[in-house]
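**Student:** Okay, here's the structure, questions in a sec.
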Amino acid sequence: MKRLENVRVDPWGPAGVRYVCVLFWDYHGYRHLTNQIDRDTWERWHWSSGQFWDLFLAGCYSYGPRDCYGDTGLPLTPEGPHEVPFYWSHFASEDLAREITAEARRAGGQPWQFSGPLDLVAVGARRAGREVDIDWPSLRSVKIPTAALGAAVSDYTEAHVSLDAELVPDSLPSPGDFQDTLPGELKRDLAKHIGLLKFLFHH
C-alpha cells in the first residue's frame with residue numbers, strides 16, 4: 001500500500017476516498033485469465049493503475065528473476081526476445097492474501113479469506129498528509145468471472161472521474177466510507193453554505 005503515497009491525483013475519488021482493488025487468483029483462475037486476457041490488456045492494467053483508481057494484480061511482477069519470490073513465476077503474457085516478461089507468483093499472491101486477511105481481522109472488519117478462483121477485494125483509502133489511511137473495516141470482496149473484469153475496470157474508473165460512488169454497481173464491492181465527524185445532515189448543510197460563499201466571493 002506504500003505505492004499509494006506516491007499517487008498525486010486530486011481529488012482522489014468520491015468523497016475523497018479511493019477504491020483500492022486487489023485481484024487475486026489461484027492456478028485455476030490463472031488458466032482462465034491467460035486464455036481470455038491479451039497482452040495489451042495486462043500491460044494497460046499493470047502500468048495505468050493509480051491514475052484514477054487502483055488495481056493491484058496480486059503476485060505479479062515484471063522485473064527480477066523468475067524465482068525471486070521462492071517459486072517459479074508463471075508467465076501472464078507470451079514470452080519473446082523483445083518483450084518485457086510479466087509473471088505471476090502464487091507464493092507472493094498467497095502472502096498478500098494472508099496480510100490483508102490479518103489486517104481486516106485486527107481492524108474488526110468483515111472476515112475475508114481467499115478461496116479462488118478469482119476474488120476482487122476492495123477497500124477504502126484516504127490521504128492523511130503524506131501518508132495514506134487504509135480503512136480496513138470497509139473491506140469488501142466478490143467472486144468475479146474473467147469476462148466481467150473489463151467492465152469492473154470501467155465502472156471503478158468512471159466512479160473516480162465523476163466523483164460519484166453510485167456509479168459502482170451493486171454487483172461490485174463498494175467499500176464503506178470513513179467515519180465522518182459531523183452528522184450527515186449537518187455536513188450537507190455546511191457544504192451548501194461553503195458553496196454559496198464561494199459563489200458570492202467569485203461573482
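Labels used: A, B, ... for chains in the order of the C-alpha cells, numbers from 1 for residues in each chain, and numbers from 1 for ligands as shown.
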Just the residues within 7 Å of Val17 in chain A, please, counting only C-alpha atoms, with nothing from its chain fewer than 4 positions along; format it as a PyMOL selection string.
**Tutor:** chain A and resi 12-13+124-126
**Student:** Could you check how far CA of Asp164 in chain A sits from CA of Val123 in chain A, in Å to one decimal?
**Tutor:**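 The value is 16.3 Å.
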**Student:** For Leu74 in chain A, find every residue with an atom within 10 Å (counting only C-alpha atoms), except residues of its own chain fewer than 4 positions away, and show them as a PyMOL selection string.
**Tutor:** chain A and resi 27+30+60+66-67+85-90
**Student:** Could you find all residues in range 92-141 of chain A that DSSP calls alpha helix (DSSP H) from the backbone, and write them as a PyMOL selection string?
**Tutor:** chain A and resi 92-106
**Student:** DSSP on the backbone: which residues in range 2-140 of chain A end up as strand (DSSP E or B)? Give the answer as JSON, numbers by chain.
**Tutor:** {"A": [18, 19, 20, 21, 22, 23, 24, 25, 54, 55, 56, 57, 60, 61, 74, 75, 87, 88, 118, 119, 120, 121, 122, 123, 124, 125, 126, 127, 128, 131, 132, 133, 134, 135, 136, 137, 138, 139, 140]}
**Student:** Need to verify the contact set: Ile37 in chain A, 10 Å, only C-alpha atoms, exclusion of same-chain residues closer than 5 positions in sequence. Can you return it as a list in words?
**Tutor:**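 What passes the distance filter is His32, Trp42, Leu76, Thr77, Thr146, Ala147, Leu149 and Gly150 of chain A.
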**Student:** Just to be explicit: take each residue in the selection above, keep N, CA, C and O atoms, and write the result as an mmCIF file, in the first residue's frame.
**Tutor:**
data_model
loop_
_atom_site.group_PDB
_atom_site.id
_atom_site.type_symbol
_atom_site.label_atom_id
_atom_site.label_comp_id
_atom_site.auth_asym_id
_atom_site.auth_seq_id
_atom_site.Cartn_x
_atom_site.Cartn_y
_atom_site.Cartn_z
ATOM 1 N N HIS A 32 -7.844 -19.479 -16.623
ATOM 2 C CA HIS A 32 -8.918 -18.660 -17.200
ATOM 3 C C HIS A 32 -8.369 -17.327 -17.718
ATOM 4 O O HIS A 32 -8.683 -16.897 -18.828
ATOM 5 N N TRP A 42 -3.231 -6.748 -20.149
ATOM 6 C CA TRP A 42 -2.384 -6.934 -18.967
ATOM 7 C C TRP A 42 -1.485 -5.728 -18.748
ATOM 8 O O TRP A 42 -1.353 -5.206 -17.635
ATOM 9 N N LEU A 76 2.294 -14.427 -17.660
ATOM 10 C CA LEU A 76 0.941 -13.951 -17.953
ATOM 11 C C LEU A 76 0.823 -13.480 -19.394
ATOM 12 O O LEU A 76 -0.283 -13.314 -19.905
ATOM 13 N N THR A 77 1.948 -13.240 -20.023
ATOM 14 C CA THR A 77 1.971 -12.791 -21.413
ATOM 15 C C THR A 77 2.962 -13.656 -22.182
ATOM 16 O O THR A 77 3.891 -14.217 -21.585
ATOM 17 N N THR A 146 -13.977 -13.925 -15.183
ATOM 18 C CA THR A 146 -12.970 -13.265 -16.007
ATOM 19 C C THR A 146 -13.600 -12.280 -16.983
ATOM 20 O O THR A 146 -13.089 -11.172 -17.191
ATOM 21 N N ALA A 147 -14.721 -12.655 -17.566
ATOM 22 C CA ALA A 147 -15.355 -11.818 -18.584
ATOM 23 C C ALA A 147 -15.851 -10.488 -18.020
ATOM 24 O O ALA A 147 -16.082 -9.544 -18.776
ATOM 25 N N LEU A 149 -14.182 -8.556 -15.786
ATOM 26 C CA LEU A 149 -13.101 -7.706 -15.290
ATOM 27 C C LEU A 149 -13.010 -6.377 -16.042
ATOM 28 O O LEU A 149 -12.821 -5.326 -15.437
ATOM 29 N N GLY A 150 -13.148 -6.434 -17.362
ATOM 30 C CA GLY A 150 -13.056 -5.211 -18.154
ATOM 31 C C GLY A 150 -14.112 -4.198 -17.749
ATOM 32 O O GLY A 150 -13.833 -3.002 -17.604
#
**Student:** So the first atom is CA of Ser115 in chain A and the second is CA of Ile134 in chain A; what is the distance between them in Å, to one decimal place?
**Tutor:**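 These atoms are spaced 22.9 Å apart.
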**Student:** I'd like the interatomic distance between CA of His82 in chain A and CA of Phe56 in chain A, to a tenth of an Å.
**Tutor:**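 Taking CA of His82 in chain A and CA of Phe56 in chain A, their separation equals 25.0 Å.
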**Student:** Calculated over only C-alpha atoms, which of the candidates A:Tyr69, A:Trp136, A:Trp112, A:Tyr19 has the smallest distance to Ser93 in chain A?
**Tutor:** A:Tyr69
**Student:** Which residues are close to His28 in chain A, i.e. within 9 Å by only C-alpha atoms, leaving aside same-chain residues fewer than 5 positions away? Reply as an mmCIF file with all heavy atoms, in the first residue's frame.
**Tutor:**
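Full text of part17.cif as output:
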data_model
loop_
_atom_site.group_PDB
_atom_site.id
_atom_site.type_symbol
_atom_site.label_atom_id
_atom_site.label_comp_id
_atom_site.auth_asym_id
_atom_site.auth_seq_id
_atom_site.Cartn_x
_atom_site.Cartn_y
_atom_site.Cartn_z
ATOM 1 N N LEU A 33 -7.549 -16.674 -16.902
ATOM 2 C CA LEU A 33 -7.045 -15.350 -17.259
ATOM 3 C C LEU A 33 -6.141 -15.391 -18.481
ATOM 4 O O LEU A 33 -6.246 -14.549 -19.375
ATOM 5 C CB LEU A 33 -6.289 -14.748 -16.070
ATOM 6 C CG LEU A 33 -7.157 -14.347 -14.878
ATOM 7 C CD1 LEU A 33 -6.285 -14.081 -13.660
ATOM 8 C CD2 LEU A 33 -7.971 -13.108 -15.203
ATOM 9 N N GLY A 116 -10.617 -18.453 -4.139
ATOM 10 C CA GLY A 116 -10.496 -18.662 -5.572
ATOM 11 C C GLY A 116 -11.818 -18.975 -6.261
ATOM 12 O O GLY A 116 -12.844 -19.079 -5.608
ATOM 13 N N PRO A 117 -11.796 -19.127 -7.580
ATOM 14 C CA PRO A 117 -10.603 -18.959 -8.418
ATOM 15 C C PRO A 117 -10.202 -17.497 -8.658
ATOM 16 O O PRO A 117 -9.036 -17.198 -8.780
ATOM 17 C CB PRO A 117 -10.996 -19.628 -9.739
ATOM 18 C CG PRO A 117 -12.489 -19.550 -9.773
ATOM 19 C CD PRO A 117 -12.960 -19.629 -8.351
ATOM 20 N N LEU A 118 -11.198 -16.557 -8.685
ATOM 21 C CA LEU A 118 -10.864 -15.133 -8.803
ATOM 22 C C LEU A 118 -11.656 -14.342 -7.778
ATOM 23 O O LEU A 118 -12.877 -14.430 -7.731
ATOM 24 C CB LEU A 118 -11.194 -14.597 -10.195
ATOM 25 C CG LEU A 118 -10.225 -14.884 -11.343
ATOM 26 C CD1 LEU A 118 -10.600 -16.190 -12.020
ATOM 27 C CD2 LEU A 118 -10.266 -13.762 -12.364
#
